[in-house]
$ cat target-v5.txt   # compact mmCIF, C-alpha atoms
# COMPACT_ATOMS: atom_id res chain seq x y z
CA MET A 1 19.49 -8.43 -4.62
CA THR A 2 17.35 -11.40 -3.65
CA THR A 3 15.95 -13.76 -6.27
CA ALA A 4 12.49 -13.66 -4.66
CA PRO A 5 9.82 -12.99 -7.29
CA TRP A 6 8.56 -9.82 -5.58
CA HIS A 7 11.10 -7.59 -3.84
CA ALA A 8 10.35 -4.53 -1.70
CA THR A 9 13.02 -2.02 -0.70
CA ILE A 10 12.16 0.61 1.90
CA LEU A 11 14.21 3.78 2.35
CA THR A 12 13.60 5.17 5.82
CA LEU A 13 15.18 6.84 8.81
CA TYR A 14 13.66 4.11 10.98
CA PRO A 15 14.44 0.69 9.44
CA GLU A 16 13.62 -0.97 12.76
CA MET A 17 9.93 -0.36 11.98
CA PHE A 18 10.08 -3.14 9.39
CA PRO A 19 8.80 -5.78 8.91
CA GLY A 20 6.58 -4.86 11.87
CA PRO A 21 3.09 -6.28 11.33
CA LEU A 22 4.19 -7.64 7.95
CA GLY A 23 6.21 -10.26 9.83
CA ILE A 24 3.10 -12.09 11.05
CA SER A 25 -0.02 -13.71 9.59
CA LEU A 26 -0.29 -14.16 5.81
CA SER A 27 2.43 -11.68 4.85
CA GLY A 28 4.81 -13.04 7.48
CA ASP A 29 4.27 -16.63 6.38
CA ALA A 30 4.88 -15.62 2.77
CA LEU A 31 8.00 -13.70 3.78
CA GLY A 32 9.33 -16.77 5.56
CA ARG A 33 8.64 -18.97 2.53
CA GLY A 34 10.47 -16.57 0.20
CA THR A 35 7.35 -15.63 -1.74
CA TRP A 36 8.46 -12.02 -1.35
CA ALA A 37 11.48 -10.24 0.09
CA LEU A 38 11.79 -7.12 2.21
CA GLU A 39 14.82 -4.90 2.62
CA ALA A 40 14.76 -1.82 4.88
CA ARG A 41 17.62 0.62 4.24
CA ASP A 42 18.61 3.48 6.51
CA ILE A 43 18.71 6.82 4.69
CA ARG A 44 21.01 8.12 7.42
CA ALA A 45 23.77 5.81 6.16
CA HIS A 46 24.20 8.40 3.40
CA GLY A 47 24.01 11.39 5.75
CA LEU A 48 26.62 14.12 5.82
CA GLY A 49 29.35 14.76 8.36
CA ARG A 50 30.06 13.20 11.71
CA HIS A 51 26.40 13.36 12.73
CA ARG A 52 25.08 11.92 9.45
CA ALA A 53 22.85 14.92 8.77
CA VAL A 54 19.97 14.20 6.38
CA ASP A 55 17.94 17.41 6.54
CA ASP A 56 18.27 21.18 6.44
CA THR A 57 16.15 24.30 6.86
CA PRO A 58 13.60 25.06 4.09
CA ALA A 59 14.66 27.52 1.41
CA GLY A 60 12.59 30.67 1.74
CA GLY A 61 12.07 30.14 5.45
CA GLY A 62 9.32 28.39 7.38
CA ALA A 63 8.86 25.81 10.08
CA GLY A 64 10.44 22.38 10.22
CA MET A 65 13.17 20.76 8.19
CA VAL A 66 13.41 19.25 4.70
CA LEU A 67 15.11 16.02 3.60
CA ARG A 68 18.12 16.95 1.46
CA CYS A 69 18.10 15.99 -2.21
CA ASP A 70 21.75 14.92 -2.28
CA VAL A 71 21.39 12.60 0.70
CA LEU A 72 18.15 11.02 -0.46
CA ALA A 73 19.39 10.64 -4.04
CA ALA A 74 22.47 8.79 -2.79
CA ALA A 75 20.26 6.44 -0.79
CA ILE A 76 18.01 5.80 -3.79
CA ASP A 77 20.94 5.22 -6.15
CA ALA A 78 22.50 2.71 -3.77
CA ALA A 79 19.24 0.78 -3.36
CA ALA A 80 17.89 0.97 -6.90
CA PRO A 81 20.33 1.61 -9.77
CA PRO A 82 18.97 2.96 -13.07
CA GLU A 83 18.43 -0.52 -14.53
CA ASP A 84 16.18 -1.55 -11.61
CA PRO A 85 12.69 -1.93 -13.17
CA ARG A 86 10.75 -1.47 -9.95
CA PRO A 87 8.56 1.64 -9.58
CA ARG A 88 9.78 4.20 -7.04
CA LEU A 89 7.11 5.48 -4.68
CA LEU A 90 7.26 8.39 -2.26
CA MET A 91 4.64 8.21 0.48
CA SER A 92 3.19 11.71 0.61
CA PRO A 93 -0.14 13.28 1.65
CA ARG A 94 -0.13 15.27 -1.58
CA GLY A 95 0.25 12.17 -3.76
CA ARG A 96 -2.33 10.40 -5.89
CA PRO A 97 -4.71 8.34 -3.74
CA LEU A 98 -3.79 4.67 -3.57
CA THR A 99 -6.40 2.54 -5.31
CA GLN A 100 -7.01 -1.18 -5.57
CA SER A 101 -6.23 -1.09 -9.29
CA ARG A 102 -2.86 0.54 -8.59
CA VAL A 103 -2.15 -2.02 -5.87
CA ARG A 104 -2.95 -4.87 -8.26
CA ALA A 105 -0.64 -3.40 -10.89
CA LEU A 106 2.18 -3.12 -8.35
CA ALA A 107 1.60 -6.69 -7.15
CA GLU A 108 1.86 -7.96 -10.72
CA GLY A 109 5.26 -6.32 -11.19
CA PRO A 110 8.75 -7.19 -9.91
CA GLY A 111 8.35 -5.32 -6.64
CA VAL A 112 8.60 -1.75 -5.40
CA VAL A 113 10.99 0.82 -3.94
CA ILE A 114 9.31 3.01 -1.32
CA VAL A 115 10.75 6.22 0.09
CA CYS A 116 9.40 7.19 3.51
CA GLY A 117 9.42 10.93 3.97
CA ARG A 118 9.89 12.70 7.30
CA PHE A 119 9.93 16.26 8.63
CA GLU A 120 8.19 18.89 6.49
CA GLY A 121 8.85 17.06 3.25
CA VAL A 122 11.41 16.14 0.61
CA ASP A 123 13.41 18.48 -1.61
CA GLU A 124 11.37 18.75 -4.81
CA ARG A 125 14.42 18.23 -7.02
CA VAL A 126 14.97 14.63 -5.96
CA ILE A 127 11.31 13.80 -6.65
CA ALA A 128 11.77 14.82 -10.28
CA GLY A 129 15.40 13.75 -10.57
CA ARG A 130 14.77 10.18 -9.44
CA GLY A 131 11.30 9.77 -10.90
CA LEU A 132 9.45 9.31 -7.62
CA GLU A 133 5.72 8.64 -7.82
CA GLU A 134 3.98 10.38 -4.93
CA VAL A 135 1.31 8.18 -3.34
CA SER A 136 -1.17 8.97 -0.57
CA ILE A 137 -3.17 6.53 1.56
CA GLY A 138 -5.72 9.15 2.64
CA ASP A 139 -6.54 12.78 3.29
CA TYR A 140 -4.62 13.12 6.54
CA VAL A 141 -1.02 13.63 7.67
CA LEU A 142 1.16 11.06 9.46
CA SER A 143 4.43 11.60 11.31
CA GLY A 144 6.27 9.86 8.47
CA GLY A 145 5.85 7.57 5.52
CA GLU A 146 6.61 4.30 7.30
CA ILE A 147 3.05 3.43 8.33
CA ALA A 148 1.83 4.35 4.85
CA ALA A 149 4.52 2.11 3.34
CA LEU A 150 3.31 -0.78 5.51
CA VAL A 151 -0.18 -0.23 4.12
CA VAL A 152 1.07 -0.36 0.54
CA LEU A 153 3.08 -3.52 1.17
CA ASP A 154 0.24 -5.31 2.96
CA ALA A 155 -2.17 -4.48 0.14
CA CYS A 156 0.29 -5.78 -2.48
CA VAL A 157 1.61 -8.88 -0.71
CA ARG A 158 -1.84 -10.36 -0.06
CA LEU A 159 -2.41 -10.42 -3.84
CA LEU A 160 0.78 -12.34 -4.64
CA PRO A 161 0.19 -15.90 -5.90
CA GLY A 162 -0.02 -18.39 -3.05
CA VAL A 163 -0.40 -15.86 -0.23
CA MET A 164 -4.18 -16.14 0.14
CA GLY A 165 -5.84 -19.52 0.20
CA LYS A 166 -8.31 -18.84 -2.61
CA VAL A 167 -7.83 -16.65 -5.67
CA ALA A 168 -11.44 -15.48 -5.27
CA SER A 169 -10.51 -13.95 -1.91
CA GLY A 170 -8.64 -11.20 -3.75
CA VAL A 171 -11.32 -10.67 -6.38
CA GLU A 172 -14.63 -10.71 -4.51
CA GLU A 173 -13.95 -7.80 -2.17
CA SER A 174 -14.29 -4.05 -1.85
CA PHE A 175 -13.05 -1.86 -4.71
CA GLU A 176 -12.69 -4.78 -7.12
CA GLY A 177 -15.06 -3.88 -9.95
CA GLY A 178 -15.56 -0.38 -8.57
CA ARG A 179 -17.91 -1.36 -5.75
CA LEU A 180 -17.76 -1.93 -2.01
CA GLU A 181 -18.18 -5.50 -0.84
CA TYR A 182 -21.54 -7.11 -0.10
CA PRO A 183 -22.45 -8.20 3.48
CA HIS A 184 -21.20 -11.50 4.89
CA TYR A 185 -22.91 -13.97 7.24
CA THR A 186 -22.07 -17.26 8.91
CA ARG A 187 -23.40 -19.49 11.73
CA PRO A 188 -25.44 -19.31 13.85
CA ARG A 189 -28.38 -19.05 11.48
CA ASP A 190 -30.28 -16.86 13.96
CA TRP A 191 -28.48 -14.46 16.29
CA GLU A 192 -30.25 -12.08 18.69
CA GLY A 193 -33.40 -12.42 16.66
CA VAL A 194 -31.72 -11.57 13.34
CA PRO A 195 -31.58 -14.42 10.81
CA ILE A 196 -29.25 -14.92 7.87
CA PRO A 197 -31.08 -13.69 4.75
CA ASP A 198 -33.06 -16.57 3.28
CA VAL A 199 -31.54 -16.14 -0.18
CA LEU A 200 -28.12 -17.14 1.16
CA THR A 201 -29.34 -20.46 2.53
CA GLY A 202 -31.65 -21.45 -0.34
CA GLY A 203 -28.98 -22.97 -2.59
CA ASN A 204 -29.89 -20.89 -5.67
CA HIS A 205 -26.47 -19.61 -6.77
CA GLY A 206 -27.92 -17.31 -9.40
CA ALA A 207 -30.16 -15.65 -6.85
CA ILE A 208 -27.24 -15.38 -4.43
CA ALA A 209 -25.09 -13.67 -7.07
CA ARG A 210 -27.90 -11.21 -7.87
CA TRP A 211 -28.48 -10.47 -4.18
CA ARG A 212 -24.80 -9.84 -3.58
CA GLN A 213 -24.58 -7.54 -6.58
CA ALA A 214 -27.61 -5.56 -5.43
CA GLN A 215 -26.24 -5.27 -1.90
CA ALA A 216 -22.86 -4.09 -3.21
CA GLU A 217 -24.61 -1.45 -5.30
CA ARG A 218 -26.70 -0.31 -2.31
CA ILE A 219 -23.78 -0.05 0.11
CA THR A 220 -21.60 1.74 -2.44
CA ALA A 221 -24.35 4.26 -3.22
CA GLU A 222 -24.86 4.93 0.49
CA ARG A 223 -21.24 5.13 1.60
CA ARG A 224 -19.12 5.92 -1.44
CA PRO A 225 -21.22 7.52 -4.17
CA ASP A 226 -17.98 8.79 -5.71
CA LEU A 227 -17.18 5.21 -6.72
CA MET A 228 -20.54 4.97 -8.50
CA ARG A 229 -19.72 8.08 -10.51
CA THR A 230 -16.22 6.85 -11.32
CA LYS A 231 -17.54 3.52 -12.59
CA GLN A 232 -20.09 5.25 -14.79
CA ASP A 233 -17.46 7.62 -16.20
$ encode --input "target-v5.txt" --output "structure tokens"
Amino acid sequence: MTTAPWHATILTLYPEMFPGPLGISLSGDALGRGTWALEARDIRAHGLGRHRAVDDTPAGGGAGMVLRCDVLAAAIDAAAPPEDPRPRLLMSPRGRPLTQSRVRALAEGPGVVIVCGRFEGVDERVIAGRGLEEVSIGDYVLSGGEIAALVVLDACVRLLPGVMGKVASGVEESFEGGRLEYPHYTRPRDWEGVPIPDVLTGGNHGAIARWRQAQAERITAERRPDLMRTKQD
């Protein structure tokens, strides 16, 4: 295993999908510098028989196929032995919603092992047997877990030390502090008859902070009132 401070291992039937967009921009630069490491492993390497079968029909009948527990467990064991401290995630639409606080906790750890499901799902026994944490990126269904895994990695990598130019960039943004982010403006000062709010150009940093807080509260109440309730609880 690499000595990079933050190491991501992806278990997938399509390893060629990685690093994908993570190979460019901030995450790609950080990957090239060794700030983090990425390893994509093919689940099919542990498939059965001449055709490397990884799935079978669902017990009890029904449409589609299910990833076999023995095949997936072998892939997990080869990638992350019991002493590996990294959390094991399974990208799944029935998982707990991914939150910024969970992302920050993952970014502060040694890395992550992510299992990308396919077909109708994964045999329930391997989820319990290998301690997989089911994680969802939204209330919709994708063709597989790979795109969701890219989302998790992008959210984590940008928070690693040295990836973003300013530490404040990862603090003063949506979901940090339980609120959506306040509006941003830049030059020109007037555009199509709409000026930058005067408070932002007046030089009073206290007034700017209060305006930004009020705007964050307003936008959150309008668009995500559930976050307001969560913060109050």
$ closest_residue --input "target-v5.txt" --among "A:Pro161, A:Gly34, A:Gly145, A:Gly121" --to "Asp56 of chain A" --atoms "only C-alpha atoms"
A:Gly121
$ closest_residue --input "target-v5.txt" --among "A:Ile10, A:Arg33, A:Glu120, A:Gly203" --to "Gly62 of chain A" --atoms "all atoms listed in the file"
A:Glu120
$ residues_around --input "target-v5.txt" --residues "Asp123 of chain A" --least-positions-apart "2" --cutoff "9 Å" --atoms "only C-alpha atoms" --output "PyMOL selection string"
chain A and resi 58+66-69+72+121+125-127
$ closest_residue --input "target-v5.txt" --among "A:Arg96, A:Arg218, A:His46, A:Arg104" --to "Ala78 of chain A" --atoms "all atoms listed in the file"
A:His46
$ closest_residue --input "target-v5.txt" --among "A:Val112, A:Met164, A:Ala80, A:Leu159" --to "Arg130 of chain A" --atoms "all atoms listed in the file"
A:Ala80
$ closest_residue --input "target-v5.txt" --among "A:Gly64, A:Leu227, A:Gly109, A:Leu150" --to "Gly177 of chain A" --atoms "all atoms listed in the file"
A:Leu227
$ decode --input "target-v5.txt" --residues "segment 189-206 of chain A" --atoms "N, CA and C atoms" --output "mmCIF file, in the first residue's frame"
data_model
loop_
_atom_site.group_PDB
_atom_site.id
_atom_site.type_symbol
_atom_site.label_atom_id
_atom_site.label_comp_id
_atom_site.auth_asym_id
_atom_site.auth_seq_id
_atom_site.Cartn_x
_atom_site.Cartn_y
_atom_site.Cartn_z
ATOM 1 N N ARG A 189 -18.474 46.359 -11.096
ATOM 2 C CA ARG A 189 -19.291 46.812 -9.971
ATOM 3 C C ARG A 189 -20.766 46.914 -10.353
ATOM 4 N N ASP A 190 -21.031 47.336 -11.592
ATOM 5 C CA ASP A 190 -22.402 47.374 -12.109
ATOM 6 C C ASP A 190 -22.462 46.499 -13.353
ATOM 7 N N TRP A 191 -23.466 45.653 -13.432
ATOM 8 C CA TRP A 191 -23.634 44.760 -14.576
ATOM 9 C C TRP A 191 -25.107 44.677 -14.934
ATOM 10 N N GLU A 192 -25.444 45.091 -16.142
ATOM 11 C CA GLU A 192 -26.819 45.105 -16.641
ATOM 12 C C GLU A 192 -27.756 45.806 -15.678
ATOM 13 N N GLY A 193 -27.260 46.895 -15.115
ATOM 14 C CA GLY A 193 -28.081 47.701 -14.224
ATOM 15 C C GLY A 193 -28.179 47.193 -12.800
ATOM 16 N N VAL A 194 -27.482 46.100 -12.481
ATOM 17 C CA VAL A 194 -27.517 45.531 -11.134
ATOM 18 C C VAL A 194 -26.164 45.746 -10.475
ATOM 19 N N PRO A 195 -26.109 46.525 -9.381
ATOM 20 C CA PRO A 195 -24.828 46.786 -8.732
ATOM 21 C C PRO A 195 -24.492 45.734 -7.675
ATOM 22 N N ILE A 196 -23.224 45.651 -7.320
ATOM 23 C CA ILE A 196 -22.826 44.879 -6.146
ATOM 24 C C ILE A 196 -23.435 45.551 -4.919
ATOM 25 N N PRO A 197 -23.993 44.796 -3.980
ATOM 26 C CA PRO A 197 -24.543 45.419 -2.771
ATOM 27 C C PRO A 197 -23.531 46.348 -2.095
ATOM 28 N N ASP A 198 -23.993 47.514 -1.707
ATOM 29 C CA ASP A 198 -23.106 48.528 -1.142
ATOM 30 C C ASP A 198 -22.314 48.021 0.060
ATOM 31 N N VAL A 199 -22.936 47.166 0.869
ATOM 32 C CA VAL A 199 -22.275 46.717 2.091
ATOM 33 C C VAL A 199 -20.958 45.994 1.780
ATOM 34 N N LEU A 200 -20.879 45.362 0.618
ATOM 35 C CA LEU A 200 -19.685 44.584 0.280
ATOM 36 C C LEU A 200 -18.526 45.447 -0.205
ATOM 37 N N THR A 201 -18.815 46.682 -0.537
ATOM 38 C CA THR A 201 -17.755 47.578 -1.017
ATOM 39 C C THR A 201 -17.464 48.703 -0.038
ATOM 40 N N GLY A 202 -18.095 48.676 1.135
ATOM 41 C CA GLY A 202 -17.930 49.767 2.097
ATOM 42 C C GLY A 202 -16.750 49.608 3.032
ATOM 43 N N GLY A 203 -16.143 48.414 3.087
ATOM 44 C CA GLY A 203 -14.964 48.224 3.928
ATOM 45 C C GLY A 203 -15.246 47.929 5.386
ATOM 46 N N ASN A 204 -16.523 47.827 5.769
ATOM 47 C CA ASN A 204 -16.883 47.519 7.157
ATOM 48 C C ASN A 204 -17.009 46.005 7.291
ATOM 49 N N HIS A 205 -15.966 45.353 7.810
ATOM 50 C CA HIS A 205 -15.933 43.887 7.839
ATOM 51 C C HIS A 205 -16.987 43.304 8.774
ATOM 52 N N GLY A 206 -17.313 44.017 9.828
ATOM 53 C CA GLY A 206 -18.373 43.551 10.715
ATOM 54 C C GLY A 206 -19.717 43.546 10.017
#
